[in-house]
>>> print(open('start_23.cif').read())   # mmCIF, C-alpha atoms
data_work
loop_
_atom_site.label_atom_id
_atom_site.label_comp_id
_atom_site.auth_asym_id
_atom_site.auth_seq_id
_atom_site.Cartn_x
_atom_site.Cartn_y
_atom_site.Cartn_z
CA MET A 25 20.29 -19.65 16.96
CA GLY A 26 21.55 -22.77 15.26
CA GLU A 27 23.49 -24.37 12.44
CA GLU A 28 22.82 -27.14 9.92
CA LEU A 29 19.11 -26.89 10.68
CA SER A 30 16.46 -28.71 8.69
CA PRO A 31 13.58 -26.27 8.14
CA PHE A 32 11.75 -28.67 5.82
CA GLU A 33 10.08 -31.83 6.98
CA ASP A 34 11.20 -35.01 5.22
CA SER A 35 14.12 -33.26 3.54
CA LYS A 36 17.89 -33.64 3.66
CA LYS A 37 18.41 -29.93 2.93
CA ARG A 38 20.12 -28.03 5.72
CA LEU A 39 20.07 -24.34 6.57
CA ASP A 40 23.70 -23.36 7.24
CA LEU A 41 23.08 -20.79 9.98
CA LEU A 42 20.06 -19.22 11.61
CA ALA A 43 20.61 -16.06 13.64
CA LEU A 44 18.67 -13.33 15.39
CA ASP A 45 19.42 -9.62 15.15
CA GLU A 46 18.92 -6.96 17.81
CA PHE A 47 15.56 -5.96 16.33
CA GLY A 48 14.08 -9.44 16.68
CA LYS A 49 14.38 -10.35 13.01
CA LEU A 50 15.42 -13.86 12.08
CA VAL A 51 18.48 -14.02 9.82
CA VAL A 52 19.02 -16.82 7.32
CA ILE A 53 22.74 -17.19 6.52
CA GLU A 54 23.73 -19.28 3.53
CA LEU A 55 27.41 -20.23 3.09
CA LYS A 56 28.97 -21.38 -0.16
CA ARG A 57 32.49 -22.13 -1.32
CA ASP A 58 32.18 -22.34 -5.09
CA ASN A 59 32.80 -20.18 -8.11
CA ASP A 60 29.41 -18.63 -8.65
CA GLY A 61 27.09 -19.48 -5.74
CA PHE A 62 24.64 -20.98 -8.22
CA HIS A 63 21.07 -21.01 -6.83
CA MET A 64 22.20 -19.87 -3.38
CA ASP A 65 19.84 -16.88 -3.59
CA LEU A 66 16.85 -19.07 -4.41
CA GLN A 67 17.82 -21.61 -1.76
CA ALA A 68 18.08 -18.90 0.90
CA ILE A 69 14.68 -17.48 -0.09
CA ARG A 70 13.16 -20.96 0.27
CA TYR A 71 14.64 -21.23 3.73
CA ALA A 72 13.43 -17.75 4.68
CA SER A 73 9.88 -18.52 3.52
CA THR A 74 9.85 -21.56 5.78
CA VAL A 75 11.60 -19.93 8.74
CA ARG A 76 8.90 -17.25 8.91
CA LEU A 77 6.42 -20.03 9.75
CA PHE A 78 8.38 -21.15 12.82
CA SER A 79 6.74 -20.78 16.20
CA ILE A 80 8.31 -19.04 19.18
CA ASP A 81 8.69 -22.43 20.85
CA LYS A 82 10.62 -23.68 17.80
CA ILE A 83 13.03 -20.74 18.01
CA VAL A 84 13.58 -21.38 21.70
CA GLU A 85 14.17 -25.07 20.96
CA PHE A 86 16.78 -24.27 18.27
CA TYR A 87 18.61 -21.90 20.59
CA GLY A 88 18.59 -24.41 23.43
CA ASN A 89 19.92 -27.21 21.25
CA PHE A 90 22.67 -25.02 19.78
CA HIS A 91 23.80 -23.63 23.14
CA ASN A 92 23.20 -26.85 25.06
CA CYS A 93 20.74 -25.35 27.55
CA ASN A 94 17.14 -26.00 28.58
CA ASN A 95 14.14 -24.04 27.31
CA GLU A 96 13.95 -21.79 30.36
CA GLN A 97 17.59 -20.78 29.97
CA ALA A 98 17.11 -20.29 26.22
CA GLU A 99 14.09 -18.04 26.77
CA LYS A 100 16.02 -15.97 29.29
CA ALA A 101 19.01 -15.58 26.97
CA ILE A 102 16.82 -14.49 24.03
CA ASP A 103 14.87 -12.15 26.29
CA ASN A 104 18.08 -10.53 27.57
CA PHE A 105 19.43 -10.15 24.04
CA LEU A 106 16.29 -8.33 22.87
CA GLY A 107 16.01 -6.20 25.98
CA GLY A 108 12.96 -7.91 27.44
CA ASP A 109 9.50 -8.88 26.16
CA TYR A 110 11.10 -11.16 23.56
CA ALA A 111 7.85 -12.87 22.52
CA GLN A 112 6.47 -9.55 21.31
CA LYS A 113 9.71 -8.43 19.66
CA LEU A 114 10.36 -11.56 17.59
CA ASP A 115 9.64 -10.55 14.00
CA PHE A 116 8.75 -13.51 11.76
CA ASP A 117 7.43 -11.37 8.90
CA ASN A 118 10.69 -9.65 7.93
CA VAL A 119 13.29 -12.38 7.66
CA ARG A 120 16.74 -11.13 6.65
CA ILE A 121 19.07 -13.08 4.35
CA ILE A 122 22.87 -13.04 4.29
CA LEU A 123 24.72 -14.79 1.46
CA VAL A 124 28.40 -15.57 2.04
CA ASN A 125 30.72 -16.77 -0.71
CA GLN A 126 34.17 -16.27 -2.23
CA TYR A 127 32.69 -15.13 -5.51
CA PHE A 128 29.33 -13.77 -6.69
CA SER A 129 28.34 -14.02 -10.32
CA LYS A 130 26.63 -11.12 -12.04
CA ASP A 131 23.43 -13.15 -12.16
CA ILE A 132 23.40 -13.40 -8.39
CA THR A 133 24.21 -9.74 -7.71
CA ASN A 134 21.64 -8.50 -10.23
CA THR A 135 19.00 -10.75 -8.71
CA VAL A 136 19.80 -9.61 -5.17
CA LEU A 137 19.71 -5.93 -6.13
CA TRP A 138 16.31 -6.41 -7.75
CA LEU A 139 14.93 -8.40 -4.80
CA ASN A 140 16.09 -5.68 -2.41
CA GLU A 141 14.24 -3.13 -4.52
CA GLN A 142 11.10 -5.26 -4.03
CA GLY A 143 11.44 -4.92 -0.27
CA LEU A 144 13.53 -7.94 0.73
CA ASP A 145 16.58 -7.54 2.95
CA ILE A 146 19.46 -9.50 1.42
CA LYS A 147 23.16 -8.89 2.03
CA CYS A 148 26.05 -10.37 0.05
CA ILE A 149 29.37 -10.82 1.85
CA LYS A 150 32.46 -11.81 -0.11
CA ILE A 151 35.21 -13.67 1.76
CA ASN A 152 38.75 -14.44 0.63
CA PRO A 153 41.11 -16.58 2.74
CA TYR A 154 44.84 -15.82 2.84
CA LYS A 155 47.85 -17.42 4.47
CA LEU A 156 50.28 -15.17 6.26
CA ASN A 157 53.14 -17.26 7.58
CA SER A 158 51.33 -19.90 9.59
CA GLU A 159 48.20 -17.83 10.19
CA SER A 160 44.95 -17.82 8.25
CA ILE A 161 43.56 -14.39 7.43
CA TRP A 162 40.11 -13.68 6.06
CA ASP A 163 39.36 -10.66 3.92
CA ILE A 164 35.67 -9.90 4.45
CA ASP A 165 33.88 -7.43 2.19
CA THR A 166 30.18 -6.53 2.03
CA ILE A 167 29.48 -6.07 -1.66
CA ILE A 168 25.69 -5.67 -1.38
CA PRO A 169 24.65 -3.30 -0.13
CA VAL A 170 27.65 -0.97 -0.15
CA LYS A 171 27.07 2.08 2.01
CA GLU A 172 26.25 4.36 -0.91
CA ALA A 173 23.88 1.80 -2.45
CA GLN A 174 22.26 1.14 0.92
CA GLU A 175 21.48 4.83 1.35
CA TYR A 176 20.15 5.00 -2.21
CA GLN A 177 17.96 1.93 -1.74
CA LEU A 178 16.62 3.34 1.53
CA LYS A 179 15.68 6.58 -0.22
CA LEU A 180 14.16 4.56 -3.07
CA LYS A 181 12.02 2.58 -0.64
CA GLU A 182 10.94 5.79 1.11
CA LYS A 183 10.03 7.33 -2.24
CA LYS A 184 8.10 4.24 -3.31
CA HIS A 185 6.18 4.25 -0.02
CA SER A 186 5.50 7.98 -0.38
CA ASP A 187 4.28 7.54 -3.97
CA GLN A 188 1.97 4.72 -2.90
CA GLU A 189 0.55 6.88 -0.12
CA THR A 190 0.03 9.74 -2.57
CA LYS A 191 -1.80 7.45 -4.99
CA ARG A 192 -4.01 6.18 -2.18
CA ASN A 193 -4.74 9.71 -0.99
CA ASN A 194 -5.48 10.90 -4.53
CA LYS A 195 -7.90 8.11 -5.34
CA ASP A 196 -11.35 9.32 -6.24
CA PHE A 197 -14.00 7.76 -4.03
CA SER A 198 -16.90 9.84 -5.36
CA LYS A 199 -20.42 8.49 -4.91
CA TYR A 200 -23.37 8.97 -7.23
CA GLN A 201 -27.11 9.17 -6.57
CA PHE A 202 -29.34 7.20 -8.92
CA ASN A 203 -32.91 5.93 -8.53
CA GLY A 204 -32.87 6.67 -4.80
CA GLY A 205 -29.63 4.81 -4.15
CA ILE A 206 -26.00 5.84 -3.61
CA PHE A 207 -23.38 4.01 -5.68
CA GLY A 208 -19.69 3.92 -6.35
CA LYS A 209 -18.60 4.06 -10.00
CA GLY A 210 -18.80 0.36 -10.86
CA ARG A 211 -22.06 -0.22 -9.03
CA LEU A 212 -23.56 2.87 -10.68
CA VAL A 213 -22.91 1.36 -14.12
CA LEU A 214 -24.43 -1.94 -12.99
CA ALA A 215 -27.52 -0.15 -11.65
CA VAL A 216 -28.07 1.86 -14.84
CA VAL A 217 -27.60 -1.10 -17.20
CA SER A 218 -29.85 -3.26 -15.00
CA ASP A 219 -32.56 -0.59 -15.06
CA TYR A 220 -32.25 -0.23 -18.83
CA CYS A 221 -32.67 -4.00 -19.30
CA LYS A 222 -35.66 -4.02 -16.98
CA ASN A 223 -37.37 -1.26 -18.95
CA ASN A 224 -36.45 -2.78 -22.31
CA PRO A 225 -37.05 -6.50 -21.74
CA ASN A 226 -36.99 -7.54 -25.40
CA ILE A 227 -33.47 -6.35 -26.24
CA ASP A 228 -30.53 -8.61 -26.97
CA ILE A 229 -26.78 -8.30 -26.33
CA VAL A 230 -26.19 -6.58 -29.69
CA HIS A 231 -28.72 -3.87 -28.85
CA LEU A 232 -27.28 -3.48 -25.37
CA GLN A 233 -23.71 -3.12 -26.64
CA ASP A 234 -24.87 -0.57 -29.23
CA THR A 235 -26.58 1.41 -26.48
CA PHE A 236 -23.59 1.23 -24.11
CA PRO A 237 -20.66 0.87 -26.55
CA LYS A 238 -17.16 -0.32 -25.73
CA GLU A 239 -15.83 3.23 -26.22
CA LEU A 240 -17.39 4.23 -22.91
CA GLN A 241 -15.00 2.01 -20.95
CA SER A 242 -12.23 2.26 -23.61
CA ARG A 243 -10.85 -1.30 -23.33
CA LEU A 244 -13.71 -3.57 -22.36
CA GLU A 245 -17.32 -4.02 -23.40
CA THR A 246 -19.70 -2.40 -20.92
CA ALA A 247 -21.75 -5.62 -20.94
CA ILE A 248 -21.12 -9.11 -22.28
CA LEU A 249 -22.81 -12.50 -22.27
CA TYR A 250 -21.98 -14.56 -19.22
CA SER A 251 -21.02 -17.41 -21.55
CA ASP A 252 -18.24 -15.24 -23.00
CA LEU A 253 -16.26 -15.85 -19.81
CA GLU A 254 -15.77 -19.47 -20.87
CA ASN A 255 -13.49 -18.26 -23.66
CA ASN A 256 -12.04 -15.32 -21.76
CA SER A 257 -11.58 -16.48 -18.17
CA LYS A 258 -8.92 -13.82 -17.59
CA PHE A 259 -11.72 -11.22 -17.71
CA ALA A 260 -13.69 -12.89 -14.92
CA GLU A 261 -12.55 -10.43 -12.26
CA ARG A 262 -13.36 -7.46 -14.49
CA TYR A 263 -17.10 -8.12 -14.53
CA PHE A 264 -19.81 -8.40 -11.88
CA LYS A 265 -20.10 -12.14 -12.47
CA ASP A 266 -22.24 -12.59 -9.32
CA ASP A 267 -24.80 -10.01 -10.51
CA VAL A 268 -26.24 -11.66 -13.61
CA ILE A 269 -28.95 -9.88 -15.61
CA THR A 270 -31.33 -12.23 -17.46
CA LEU A 271 -33.05 -10.92 -20.59
CA ASN A 272 -36.39 -12.12 -21.96
CA ASN A 273 -34.59 -14.25 -24.54
CA ALA A 274 -32.91 -16.07 -21.63
CA SER A 275 -29.53 -14.45 -22.36
CA LYS A 276 -27.49 -13.92 -19.24
CA ILE A 277 -25.65 -10.57 -19.14
CA ILE A 278 -22.85 -9.38 -16.88
CA VAL A 279 -21.60 -5.80 -16.54
CA CYS A 280 -18.03 -4.49 -16.46
CA ASN A 281 -16.74 -3.29 -13.05
CA GLN A 282 -13.66 -1.44 -14.32
CA TRP A 283 -14.66 2.21 -13.95
CA GLY A 284 -12.67 5.16 -12.67
CA VAL A 285 -12.11 8.89 -13.13
CA GLY A 286 -10.87 8.28 -16.68
CA ASN A 287 -14.08 6.78 -18.06
CA ILE A 288 -17.05 7.19 -15.70
CA ASP A 289 -17.96 10.63 -17.09
CA ARG A 290 -18.36 9.14 -20.58
CA PHE A 291 -20.78 6.58 -19.20
CA ILE A 292 -22.73 9.20 -17.27
CA ASP A 293 -23.01 11.37 -20.40
CA CYS A 294 -24.36 8.35 -22.29
CA ALA A 295 -26.86 7.54 -19.53
CA THR A 296 -27.98 11.16 -19.34
CA LYS A 297 -28.77 11.17 -23.08
CA LEU A 298 -30.94 8.12 -22.44
CA GLY A 299 -32.93 10.14 -19.92
CA TYR A 300 -31.33 8.96 -16.70
CA LYS A 301 -30.70 11.43 -13.91
CA ILE A 302 -27.44 10.88 -12.05
CA GLU A 303 -26.10 13.27 -9.42
CA LYS A 304 -22.57 13.26 -8.06
CA GLN A 305 -22.45 13.46 -4.28
CA SER A 306 -20.16 16.06 -2.69
#
>>> encode(input="start_23.cif", output="structure tokens")
Amino acid sequence: MGEELSPFEDSKKRLDLLALDEFGKLVVIELKRDNDGFHMDLQAIRYASTVRLFSIDKIVEFYGNFHNCNNEQAEKAIDNFLGGDYAQKLDFDNVRIILVNQYFSKDITNTVLWLNEQGLDIKCIKINPYKLNSESIWDIDTIIPVKEAQEYQLKLKEKKHSDQETKRNNKDFSKYQFNGGIFGKGRLVLAVVSDYCKNNPNIDIVHLQDTFPKELQSRLETAILYSDLENNSKFAERYFKDDVITLNNASKIIVCNQWGVGNIDRFIDCATKLGYKIEKQS
């Protein structure tokens, strides 16, 4: 597709080679000729993150400039290469990376192996030049992934995907009936605590936390003062911060939203002892 491209605006950095594979994926190829390829992995990832933002017109332009042809000829060539319907087959979301160098340090190989486990597609190719009489010979060896490792990584990805599907399928989406409404786990807790505050308007946060103790959730208080978020901003997403309960003493209360199969039964038992009727929906 092109060489010595500048994917960044207002930058002197140049992408060594940009290619296209038969599946429509863009391929960032980074070439180095040093002892360890320092930062070449990070540099290639930066290029890949930018390349994925290219438009189809940009790809056509690169091809045309590299092959010295007009846009119509470039479109036709790309279309023929991909077997027709090229605009639909171009895949900007799964950019491949190929790193080429004479030597790869352990830091680089370990990083690449880990990134591949996270779902990236990075290949390391080691090249060694030799002189035989007057001819130059290149020894080219793919060190990541080797065939055995590639098969293992493929199985690992399939297993990871399968495990994620199993977790999704095994998630408990039970609903509960309370006070004429149907609620998921977190919203059920919010509804019960809100009702308790409404029927006991003169309580304070200490009373509320004694009534619905931290042990119900196991890690977090069932309810806290809204002002507590100022000192614990990391907990902001763990509470219904948009559903504030105001007590008679003007205290503003928010309720924890972190409830699942491991703790909701404890809360329901507590609420039942307080006289609340909660029914699980089948």
>>> atom_distance(input="start_23.cif", atom1="atom CA of A:Val51", atom2="atom CA of A:Asn92")
20.5 Å
>>> atom_distance(input="start_23.cif", atom1="atom CA of A:Glu46", atom2="atom CA of A:Lys82")
18.7 Å
>>> atom_distance(input="start_23.cif", atom1="atom CA of A:Tyr71", atom2="atom CA of A:Cys93")
24.9 Å
>>> resolve_selection(input="start_23.cif", expression="the PyMOL selection byres ((chain A and resi 220-236) around 9)", output="number ranges by chain")
A: 215-219, 237-240, 245-249, 269-273, 275, 277, 291, 294-295, 298
>>> resolve_selection(input="start_23.cif", expression="the PyMOL selection byres ((chain A and resi 111) around 10)", output="list of chain:residue names")
A:Gly48, A:Ile80, A:Asp81, A:Glu99, A:Ile102, A:Asp103, A:Leu106, A:Gly108, A:Asp109, A:Tyr110, A:Gln112, A:Lys113, A:Leu114, A:Asp115
>>> write_last_selection(input="start_23.cif", atoms="C-alpha atoms", output="PDB file, in the frame of the given file")
ATOM      1  CA  GLY A  48      14.080  -9.440  16.680  1.00  0.00           C
ATOM      2  CA  ILE A  80       8.310 -19.040  19.180  1.00  0.00           C
ATOM      3  CA  ASP A  81       8.690 -22.430  20.850  1.00  0.00           C
ATOM      4  CA  GLU A  99      14.090 -18.040  26.770  1.00  0.00           C
ATOM      5  CA  ILE A 102      16.820 -14.490  24.030  1.00  0.00           C
ATOM      6  CA  ASP A 103      14.870 -12.150  26.290  1.00  0.00           C
ATOM      7  CA  LEU A 106      16.290  -8.330  22.870  1.00  0.00           C
ATOM      8  CA  GLY A 108      12.960  -7.910  27.440  1.00  0.00           C
ATOM      9  CA  ASP A 109       9.500  -8.880  26.160  1.00  0.00           C
ATOM     10  CA  TYR A 110      11.100 -11.160  23.560  1.00  0.00           C
ATOM     11  CA  GLN A 112       6.470  -9.550  21.310  1.00  0.00           C
ATOM     12  CA  LYS A 113       9.710  -8.430  19.660  1.00  0.00           C
ATOM     13  CA  LEU A 114      10.360 -11.560  17.590  1.00  0.00           C
ATOM     14  CA  ASP A 115       9.640 -10.550  14.000  1.00  0.00           C
TER      15      ASP A 115
END
>>> resolve_selection(input="start_23.cif", expression="the PyMOL selection byres ((chain A and resi 286) around 12)", output="PDB file with C-alpha atoms, in the coordinates of the input")
ATOM      1  CA  LYS A 195      -7.900   8.110  -5.340  1.00  0.00           C
ATOM      2  CA  ASP A 196     -11.350   9.320  -6.240  1.00  0.00           C
ATOM      3  CA  LYS A 209     -18.600   4.060 -10.000  1.00  0.00           C
ATOM      4  CA  GLU A 239     -15.830   3.230 -26.220  1.00  0.00           C
ATOM      5  CA  LEU A 240     -17.390   4.230 -22.910  1.00  0.00           C
ATOM      6  CA  GLN A 241     -15.000   2.010 -20.950  1.00  0.00           C
ATOM      7  CA  SER A 242     -12.230   2.260 -23.610  1.00  0.00           C
ATOM      8  CA  ARG A 243     -10.850  -1.300 -23.330  1.00  0.00           C
ATOM      9  CA  GLN A 282     -13.660  -1.440 -14.320  1.00  0.00           C
ATOM     10  CA  TRP A 283     -14.660   2.210 -13.950  1.00  0.00           C
ATOM     11  CA  GLY A 284     -12.670   5.160 -12.670  1.00  0.00           C
ATOM     12  CA  VAL A 285     -12.110   8.890 -13.130  1.00  0.00           C
ATOM     13  CA  ASN A 287     -14.080   6.780 -18.060  1.00  0.00           C
ATOM     14  CA  ILE A 288     -17.050   7.190 -15.700  1.00  0.00           C
ATOM     15  CA  ASP A 289     -17.960  10.630 -17.090  1.00  0.00           C
ATOM     16  CA  ARG A 290     -18.360   9.140 -20.580  1.00  0.00           C
ATOM     17  CA  PHE A 291     -20.780   6.580 -19.200  1.00  0.00           C
ATOM     18  CA  ILE A 292     -22.730   9.200 -17.270  1.00  0.00           C
TER      19      ILE A 292
END
>>> closest_residue(input="start_23.cif", among="A:Ile167, A:Tyr300, A:Lys155, A:Ala68", to="A:Lys130", atoms="all atoms listed in the file")
A:Ile167
>>> closest_residue(input="start_23.cif", among="A:Leu77, A:Leu156, A:Ile168, A:Val52", to="A:Asn134", atoms="only C-alpha atoms")
A:Ile168
>>> closest_residue(input="start_23.cif", among="A:Ser79, A:Asn89, A:Asn281, A:Gln97", to="A:Glu261", atoms="all atoms listed in the file")
A:Asn281
>>> closest_residue(input="start_23.cif", among="A:Lys301, A:His63, A:Lys56, A:Lys49", to="A:Phe202", atoms="only C-alpha atoms")
A:Lys301
>>> residues_around(input="start_23.cif", residues="A:Asp145", least_positions_apart="4", cutoff="10 Å", atoms="only C-alpha atoms", output="mmCIF file with C-alpha atoms, in the coordinates of the input")
data_model
loop_
_atom_site.group_PDB
_atom_site.id
_atom_site.type_symbol
_atom_site.label_atom_id
_atom_site.label_comp_id
_atom_site.auth_asym_id
_atom_site.auth_seq_id
_atom_site.Cartn_x
_atom_site.Cartn_y
_atom_site.Cartn_z
ATOM 1 C CA VAL A 51 18.480 -14.020 9.820
ATOM 2 C CA ASN A 118 10.690 -9.650 7.930
ATOM 3 C CA VAL A 119 13.290 -12.380 7.660
ATOM 4 C CA ARG A 120 16.740 -11.130 6.650
ATOM 5 C CA ILE A 121 19.070 -13.080 4.350
ATOM 6 C CA ILE A 122 22.870 -13.040 4.290
ATOM 7 C CA VAL A 136 19.800 -9.610 -5.170
ATOM 8 C CA LEU A 137 19.710 -5.930 -6.130
ATOM 9 C CA LEU A 139 14.930 -8.400 -4.800
ATOM 10 C CA ASN A 140 16.090 -5.680 -2.410
ATOM 11 C CA GLU A 141 14.240 -3.130 -4.520
ATOM 12 C CA PRO A 169 24.650 -3.300 -0.130
#
>>> closest_residue(input="start_23.cif", among="A:Ile164, A:Asn95, A:Ile69, A:Glu303", to="A:Gly204", atoms="all atoms listed in the file")
A:Glu303
>>> decode(input="start_23.cif", residues="stretch 221-264 of chain A", atoms="C-alpha atoms", output="CSV table (one decimal), in the first residue's frame")
chain,number,residue,atom,x,y,z
A,221,CYS,CA,-36.2,6.0,55.0
A,222,LYS,CA,-39.6,7.2,53.9
A,223,ASN,CA,-41.3,5.3,56.7
A,224,ASN,CA,-38.6,6.3,59.3
A,225,PRO,CA,-38.0,9.9,58.4
A,226,ASN,CA,-36.1,10.8,61.6
A,227,ILE,CA,-33.3,8.3,61.3
A,228,ASP,CA,-29.7,9.3,60.6
A,229,ILE,CA,-26.9,7.5,58.6
A,230,VAL,CA,-25.7,5.6,61.8
A,231,HIS,CA,-29.2,4.2,62.3
A,232,LEU,CA,-29.4,3.3,58.6
A,233,GLN,CA,-26.1,1.5,58.5
A,234,ASP,CA,-27.0,-0.4,61.7
A,235,THR,CA,-30.2,-1.5,60.1
A,236,PHE,CA,-28.5,-2.5,56.8
A,237,PRO,CA,-25.0,-3.3,57.9
A,238,LYS,CA,-21.9,-3.6,55.7
A,239,GLU,CA,-21.9,-7.4,56.2
A,240,LEU,CA,-24.9,-7.7,53.9
A,241,GLN,CA,-22.8,-6.5,50.9
A,242,SER,CA,-19.5,-7.9,52.3
A,243,ARG,CA,-17.2,-5.2,51.1
A,244,LEU,CA,-19.1,-1.9,50.9
A,245,GLU,CA,-21.6,-0.1,53.1
A,246,THR,CA,-25.2,-0.6,51.9
A,247,ALA,CA,-25.7,3.1,52.2
A,248,ILE,CA,-23.4,6.1,52.7
A,249,LEU,CA,-23.6,9.9,52.9
A,250,TYR,CA,-23.3,11.5,49.4
A,251,SER,CA,-20.6,13.7,50.8
A,252,ASP,CA,-18.4,10.6,51.5
A,253,LEU,CA,-17.8,10.4,47.7
A,254,GLU,CA,-15.6,13.5,48.0
A,255,ASN,CA,-13.1,11.5,49.9
A,256,ASN,CA,-13.7,8.2,48.0
A,257,SER,CA,-14.3,9.2,44.4
A,258,LYS,CA,-13.2,5.7,43.3
A,259,PHE,CA,-16.5,4.4,44.8
A,260,ALA,CA,-18.6,6.7,42.7
A,261,GLU,CA,-19.6,4.1,40.2
A,262,ARG,CA,-20.5,1.6,43.0
A,263,TYR,CA,-23.4,3.7,44.3
A,264,PHE,CA,-26.6,5.0,42.8
